[in-house]
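J.: I am attaching a structure below and will ask some questions about it afterwards.
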Amino acid sequence: MMASTINKRAEQIDVTVLSNKRIGAYHQILLNIGELVLHCHPGNFVAISVGDKTSSMVLRRAFAISRVSHRGEYGGTLELIVAPHGSGSRWLCEQGEGATVNIVAPLGTAFGIPTNPAQALLIGGGYGSAPLFGLAEVLKSRGCRVDMILGASTSNKIYAPIEGKRSVNSLKIFTEDGSTGILGKVTDPLPSLIAEGVVDVIYSCGPMGMLSAISAIAQSSQVVHQCAVEESMACGIGICMTCVIPVVDATGVISMLRTCIEGPVMDGSTVQWDLVGKVV
Amino acid sequence: MMASTINKRAEQIDVTVLSNKRIGAYHQILLNIGELVLHCHPGNFVAISVGDKTSSMVLRRAFAISRVSHRGEYGGTLELIVAPHGSGSRWLCEQGEGATVNIVAPLGTAFGIPTNPAQALLIGGGYGSAPLFGLAEVLKSRGCRVDMILGASTSNKIYAPIEGKRSVNSLKIFTEDGSTGILGKVTDPLPSLIAEGVVDVIYSCGPMGMLSAISAIAQSSQVVHQCAVEESMACGIGICMTCVIPVVDATGVISMLRTCIEGPVMDGSTVQWDLVGKVV
Amino acid sequence: MMTDDIDLSASFGSAWFPWPVFTASGCASSGKELAQFFPLREIGAVVTKSISIKARSGRPTPRMAETPSGMLNSIGLQGPGIDSFLENDIPWLVAQNTRIIVSISGETVDEFSVLARRLRSVRGICAVEVNISCPNVENRGLVFACDPEASRSVIEGVRRTLGGDLPIIAKLSPDVTDIVHIARGVVDAGADGLSLINTLLGMVINTDTLRPHLAGKTGGLSGPAIRPVAVRAVYQVHAALPEVPIVGMGGVRSGRDAFEMILAGASAVAVGTASFGNPRALLDIQNELKSLLKEKGFSSLKEAVGFAHRVDRTQREVKG
Amino acid sequence: MMTDDIDLSASFGSAWFPWPVFTASGCASSGKELAQFFPLREIGAVVTKSISIKARSGRPTPRMAETPSGMLNSIGLQGPGIDSFLENDIPWLVAQNTRIIVSISGETVDEFSVLARRLRSVRGICAVEVNISCPNVENRGLVFACDPEASRSVIEGVRRTLGGDLPIIAKLSPDVTDIVHIARGVVDAGADGLSLINTLLGMVINTDTLRPHLAGKTGGLSGPAIRPVAVRAVYQVHAALPEVPIVGMGGVRSGRDAFEMILAGASAVAVGTASFGNPRALLDIQNELKSLLKEKGFSSLKEAVGFAHRVDRTQREVKG
Ligand SMILES: Cc1cc2nc3c(=O)[nH]c(=O)nc-3n(C[C@H](O)[C@H](O)[C@H](O)COP(=O)(O)OP(=O)(O)OC[C@H]3O[C@@H](n4cnc5c(N)ncnc54)[C@H](O)[C@@H]3O)c2cc1C
Ligand SMILES: Cc1cc2nc3c(=O)[nH]c(=O)nc-3n(C[C@H](O)[C@H](O)[C@H](O)COP(=O)(O)OP(=O)(O)OC[C@H]3O[C@@H](n4cnc5c(N)ncnc54)[C@H](O)[C@@H]3O)c2cc1C
Ligand SMILES: Cc1cc2nc3c(=O)[nH]c(=O)nc-3n(C[C@H](O)[C@H](O)[C@H](O)COP(=O)(O)O)c2cc1C
Ligand SMILES: Cc1cc2nc3c(=O)[nH]c(=O)nc-3n(C[C@H](O)[C@H](O)[C@H](O)COP(=O)(O)O)c2cc1C
Ligand code: FES
Ligand code: FES
């Protein structure tokens, strides 16, 4: 049973905000999560309760685990990169050092790590780059070559911390307005990279449109595409069925899978991108 | 038109919390309200918005103005004595120095001040004593004799600040468990005080049961009884009709008057205490 | 499509309102109390509290309970009766230069007509809102608005009494199996517009006293909590009766919320509970709505009315 | 009356539950996912998501919208179909040693009976919850629970198929003019208990895209926002049918909320949306409820069921 193994390590705990820094359009929020850090892998996410006791917001918010540290000054820490979007994420971005937040973590699937050294291309859109730096470290430690492409609409939506850059072999940045890096989209260089044979596996995280475009390009090749999808989630733990996405199995049957427990990391080639938001 | 004169000075403004101190069972909260202080009189109240932007609490909370200061270090200040009761008052009690709260003030009727020096008896129950100290100062400045009786269930629910005590000629304290002052109720000494003729006017503020008991005792005498009533209020400004209380007019007609604009200070002899909470 | 000023007007039958934000009946008393916080002429209309033939002292207290993102009220239509109302409240409102919609409520079909007759010749009234969400004493206290026949009869009676002049806005209850059915009935009977929605029947038990918190036991649920129900009602009724103007209400607290109602099909918006938390809510909402409409490229409010239905249609056509 | 332990059990027909807090259908999936956070045997029962005859893939996304103190969902009864359910989900639940209530939903009166037949001989099931808040394809998609006749027919069919053994709990919709009428009908038709309430029909318009936020346009409103409506429904139905046990639900998030439902007339309480915010909500609520009952001097939960009606009666008698 996938479900019961996936969230086996999940716990609901109160944690302390160690720091909250603005980085471009985002907030980098560091949480003191102790032992739980041992079970957090790149790709997993946390579900955070937002607002105080009297809040009108009844649902948790999902955020990718950007990085974890096992032996920081405070024991295990977990970092989030949060875009102030609506009322819940804005509330979270307002929580300063010392604030307590309630989290359920770690949740969902993690990026699969190749058993043999491979050539990995990591593609991130907006805050989608957050989990990729932690992933890059793991891949490097397994002897993989790690190239990274990041994109966003504009420069302050590129999240690329200096420490993170160290763990990749190459980094290309694209913006749609050309304010940083190359004018264009992350998918622009993809066909030629694949054609050159320098990519064995693509790891992607970002807007659904981006993931879909990458899948379309990767489809005609042998390249494996692991993408972290993002659907609206009410519970994050598999009990509400709101977060589903159409996925085809080996026998050709399309099912609506819960992206909170059978994702967020999914095989891009199985996702039926053109059916997202339609009746199956 | 009573309504349009009463709230003529009312304004809705954001104000800063200057301090928040625990005093017994209560919180003494000082707000920086600037010029508005000029229109605040003993008996008036403020309606405070509770919770943050995402709060599920949609209604304001009413609190009596305990004291005002015209020329404090920060300009005009207003003091509240707040009992942490339910979620709204508890939220208010959690707001520390520097917090911003939104108030509508001053609201409602004020205690009437005798034109000639009179013998005034001020009776407060629980946090009901809060507005009485400010009232005592005004009465003293008009040459009145001011005696005060305070009561509560137990000692930490007696609010009697040292500064306040200076403005009264005498102060008696009653608690129902005898933990402070005399064992008993504020109404115990009342019949004899009235009989002795040392009381011209009673000003009272506290639980409805107490106000009703005082009215019953005062009824058979010539003593005027001005009481500040407390009914559940949804709006505080006269537009919802939730805060009504049965009051008889000179012609004997009983009407349900809004205690937020025709009160909270009312003539105790006109309130139909036995009809409160019943159909008129 | 951006213009500096934008037509925010709304029409209900022959009544024209320069602005689309109205007070919700019973949430602005007779108007005076709010006038302290903004000039009444700057909003679309003051809808008065529902007025009865005789003075009513209403229900005992407690009359309110706060609930998650909402509140219950059980006022029981306290009011001075139509005579005192016409003598004292209306002249004052007329003097404020505001548009006035008088809300009426009766206990029998006939009482509504009696009230309508009293309003017929009163100057300064723009429209009559008929609050049929009250118990019908002739039919076991069943709320008129929950009974298609009774709803029709009330509106027919009022229409006949008023003649063709004064527009009628029928105010419906959401506590029904099929609100579109009720809406059709009252429109057939002569209503020029609809007010959607009145409060939902609710209850709170006080877990200290162990009994119903409100003296009247049940009360009407209002506030943001009910907004999704209100938007659904407006959407359904507008889909069925696109030509009938609707005053949308239920939990509107911001310009965004008002815009949501408009997109669902409301031609104007009424604000009730929000004024209790923010006395200036009506003006704030109206200003925010105006900015939003401009921002989204609408050149008039009318263009946005029911837009969510049309976007929908277009997209479906595109999809095939 | 204070005892250290207190009888919290509830009965529905012949089914006995040691604890009174159940999962709400559709809010615990098949149980496995919550088992990560507490042992399922420690709550009263797992009510499974409503199961259909065939596998269903449900509605497109977005399927949810958060609303003030609540949420909308539009899942469209996604599920594996009864065969796969009985093969995979039930054995696992049975192994957990928890009480199981299977929720069934059909598109025709007949489908409900077919589902009931499949359940008749399954071991480990305590009761069947019949979710009649779904559209009847044989009657223009009108929700069964909104139609007294259809509601009765469904329960009659299920009763006939099940024989006298397995208790039936009929789950009603609040979107009706007269819920007591519907309740009477299904009880007459053979329901042993009632689940009150299902979600309210609601809608959110996305003010960025200018169209309905949910792909399915309308959705079901749940969460604390609807609690006053749920409490009212439970109170009304318990007043009319005091002998019929009720599973009260709608916005229960704390022991206090559960206690409110019990006082209104519920014999047990189900928790839906609250689990999304707090995976341990069911146990937390059950523990808080236990403390509250003790604190208020009740020696058993049964003593508190409908207590708000009795306090009320006494006080009225006293008043004269
Ligand atoms: C697996 C996963 C990982 C994510 N990682 C990140 C991250 O690292 N950084 C980051 O900034 N954001 C991330 N998001 C998006 C983030 O969850 C949403 O921005 C956030 O929930 C919006 O909440 P809000 O209250 O600010 O917005 P509102 O629009 O007010 O939210 C209303 C409701 O919709 C849901 N919702 C709205 N947008 C989204 C969304 N895009 N995805 C899921 N639910 C949504 C909310 O959870 C909430 O219940 C992630 C989402 C998922 C599913
Ligand atoms: C004119 C006036 C003056 C007051 N002065 C003071 C004061 O100086 N200090 C003080 O501690 N308290 C005072 N109160 C009482 C105070 O308003 C309530 O304790 C407070 O509203 C409770 O809010 P809550 O959220 O904590 O409780 P909840 O019970 O959660 O409140 C729920 C709702 O009921 C209303 N409500 C509950 N209790 C009361 C009440 N007693 N009076 C009015 N509304 C109520 C609340 O406003 C709120 O809308 C005064 C009340 C009035 C009417
Ligand atoms: C305190 C109060 C009193 C009300 N009185 C009336 C009334 O007299 N007549 C009427 O038609 N509606 C009355 N309503 C219903 C409102 O007009 C409105 O339909 C409802 O509250 C939903 O809007 P809101 O959420 O903005 O408050 C009342 C509502 C409240 C809260
Ligand atoms: C996501 C979701 C799915 C639901 N699915 C079902 C269902 O399949 N069958 C059913 O009878 N009720 C279903 N419901 C309704 C709940 O069982 C419950 O009646 C309602 O949500 C009110 O309770 P709550 O406020 O505690 O959530 C669902 C509710 C939600 C939020
Ligand atoms: S978010 Fe609830 S099942 Fe995935
Ligand atoms: S509190 Fe609204 S009228 Fe008094």
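Going through the structure tokens in order, the chains are called A, B, and so on, while each chain numbers its residues from 1 and the ligands are numbered from 1 in the order shown.
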Can you tell me which residues sit at most 6 Å away from ligand 1, counting only C-alpha atoms and all ligand atoms, written as a list in words?

T.: Phe45, Leu59, Arg61, Ala62, Phe63, Ala64, Ile81, Val82, Ala83, His85, Gly86, Ser87, Gly88, Ser89, Arg90, Tyr127, Glu230, Glu231, Ser232, Met233, Ala234 and Pro264 of chain A; Ala65 and Glu66 of chain D

J.: Within 6 Å of ligand 3 (counting only C-alpha atoms and all ligand atoms), which residues show up? I'd like them as a list in words.

T.: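 Residues satisfying the distance criterion: Cys240 of chain B; Ala24, Ser25, Gly26, Cys27, Lys49, Ser50, Asn73, Leu77, Asn131, Ile197, Asn198, Thr199, Ser222, Gly223, Met249, Gly250, Gly251, Val252, Val271, Gly272, Thr273 and Ala274 of chain C.
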
J.: From a backbone DSSP assignment, name each residue in segment 52-102 of chain B labelled helix (DSSP H, G or I), as an NGL selection string.

T.: :B and (87-94)

J.: Within 6 Å of ligand 5, which residues show up when you count only C-alpha atoms and all ligand atoms? List them as a ChimeraX atom specification, please.

T.: /A:233-243,258-260

J.: How about saving the chosen residues, N, CA, C and O atoms kept, as a PDB file, in the first residue's frame?

T.:
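And here's again_34.pdb as it stands now:
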```pdb
ATOM      1  N   MET A 233      -4.530  21.734  -2.706  1.00  0.00           N
ATOM      2  CA  MET A 233      -4.655  20.680  -1.702  1.00  0.00           C
ATOM      3  C   MET A 233      -5.430  21.178  -0.495  1.00  0.00           C
ATOM      4  O   MET A 233      -5.102  22.204   0.063  1.00  0.00           O
ATOM      5  N   ALA A 234      -6.434  20.416  -0.085  1.00  0.00           N
ATOM      6  CA  ALA A 234      -7.169  20.809   1.114  1.00  0.00           C
ATOM      7  C   ALA A 234      -6.567  20.166   2.356  1.00  0.00           C
ATOM      8  O   ALA A 234      -6.547  20.770   3.415  1.00  0.00           O
ATOM      9  N   CYS A 235      -6.089  18.913   2.253  1.00  0.00           N
ATOM     10  CA  CYS A 235      -5.612  18.227   3.458  1.00  0.00           C
ATOM     11  C   CYS A 235      -4.127  17.900   3.443  1.00  0.00           C
ATOM     12  O   CYS A 235      -3.483  17.909   4.487  1.00  0.00           O
ATOM     13  N   GLY A 236      -3.573  17.570   2.307  1.00  0.00           N
ATOM     14  CA  GLY A 236      -2.157  17.236   2.217  1.00  0.00           C
ATOM     15  C   GLY A 236      -1.805  15.836   2.691  1.00  0.00           C
ATOM     16  O   GLY A 236      -0.654  15.419   2.594  1.00  0.00           O
ATOM     17  N   ILE A 237      -2.780  15.089   3.222  1.00  0.00           N
ATOM     18  CA  ILE A 237      -2.465  13.777   3.791  1.00  0.00           C
ATOM     19  C   ILE A 237      -3.294  12.649   3.175  1.00  0.00           C
ATOM     20  O   ILE A 237      -3.360  11.558   3.728  1.00  0.00           O
ATOM     21  N   GLY A 238      -3.963  12.940   2.067  1.00  0.00           N
ATOM     22  CA  GLY A 238      -4.615  11.849   1.342  1.00  0.00           C
ATOM     23  C   GLY A 238      -6.055  11.565   1.710  1.00  0.00           C
ATOM     24  O   GLY A 238      -6.612  10.566   1.259  1.00  0.00           O
ATOM     25  N   ILE A 239      -6.697  12.416   2.506  1.00  0.00           N
ATOM     26  CA  ILE A 239      -8.051  12.072   2.938  1.00  0.00           C
ATOM     27  C   ILE A 239      -9.176  12.845   2.249  1.00  0.00           C
ATOM     28  O   ILE A 239     -10.345  12.562   2.473  1.00  0.00           O
ATOM     29  N   CYS A 240      -8.843  13.822   1.415  1.00  0.00           N
ATOM     30  CA  CYS A 240      -9.928  14.667   0.877  1.00  0.00           C
ATOM     31  C   CYS A 240     -10.200  14.501  -0.621  1.00  0.00           C
ATOM     32  O   CYS A 240     -11.249  14.916  -1.103  1.00  0.00           O
ATOM     33  N   MET A 241      -9.238  13.967  -1.357  1.00  0.00           N
ATOM     34  CA  MET A 241      -9.396  13.755  -2.807  1.00  0.00           C
ATOM     35  C   MET A 241      -9.526  15.049  -3.620  1.00  0.00           C
ATOM     36  O   MET A 241     -10.097  15.032  -4.719  1.00  0.00           O
ATOM     37  N   THR A 242      -9.006  16.156  -3.126  1.00  0.00           N
ATOM     38  CA  THR A 242      -9.121  17.389  -3.915  1.00  0.00           C
ATOM     39  C   THR A 242      -7.937  17.571  -4.866  1.00  0.00           C
ATOM     40  O   THR A 242      -8.055  18.296  -5.846  1.00  0.00           O
ATOM     41  N   CYS A 243      -6.815  16.924  -4.585  1.00  0.00           N
ATOM     42  CA  CYS A 243      -5.537  17.268  -5.215  1.00  0.00           C
ATOM     43  C   CYS A 243      -5.196  16.380  -6.394  1.00  0.00           C
ATOM     44  O   CYS A 243      -4.031  16.229  -6.731  1.00  0.00           O
ATOM     45  N   ARG A 258      -3.989  11.034  -6.186  1.00  0.00           N
ATOM     46  CA  ARG A 258      -3.793  12.122  -5.235  1.00  0.00           C
ATOM     47  C   ARG A 258      -2.341  12.580  -5.266  1.00  0.00           C
ATOM     48  O   ARG A 258      -1.445  11.800  -4.947  1.00  0.00           O
ATOM     49  N   THR A 259      -2.151  13.850  -5.613  1.00  0.00           N
ATOM     50  CA  THR A 259      -0.778  14.345  -5.713  1.00  0.00           C
ATOM     51  C   THR A 259      -0.143  14.561  -4.346  1.00  0.00           C
ATOM     52  O   THR A 259       1.058  14.758  -4.254  1.00  0.00           O
ATOM     53  N   CYS A 260      -0.935  14.498  -3.279  1.00  0.00           N
ATOM     54  CA  CYS A 260      -0.327  14.690  -1.961  1.00  0.00           C
ATOM     55  C   CYS A 260       0.319  13.426  -1.440  1.00  0.00           C
ATOM     56  O   CYS A 260       1.257  13.490  -0.652  1.00  0.00           O
TER      57      CYS A 260
END
```

J.: Restricting the calculation to only C-alpha atoms: of B:Val244, B:Val253, B:Leu211, B:Leu171, which residue gets closest to chain C?

T.: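 Among the listed residues, the smallest separation from chain C belongs to B:Val244.
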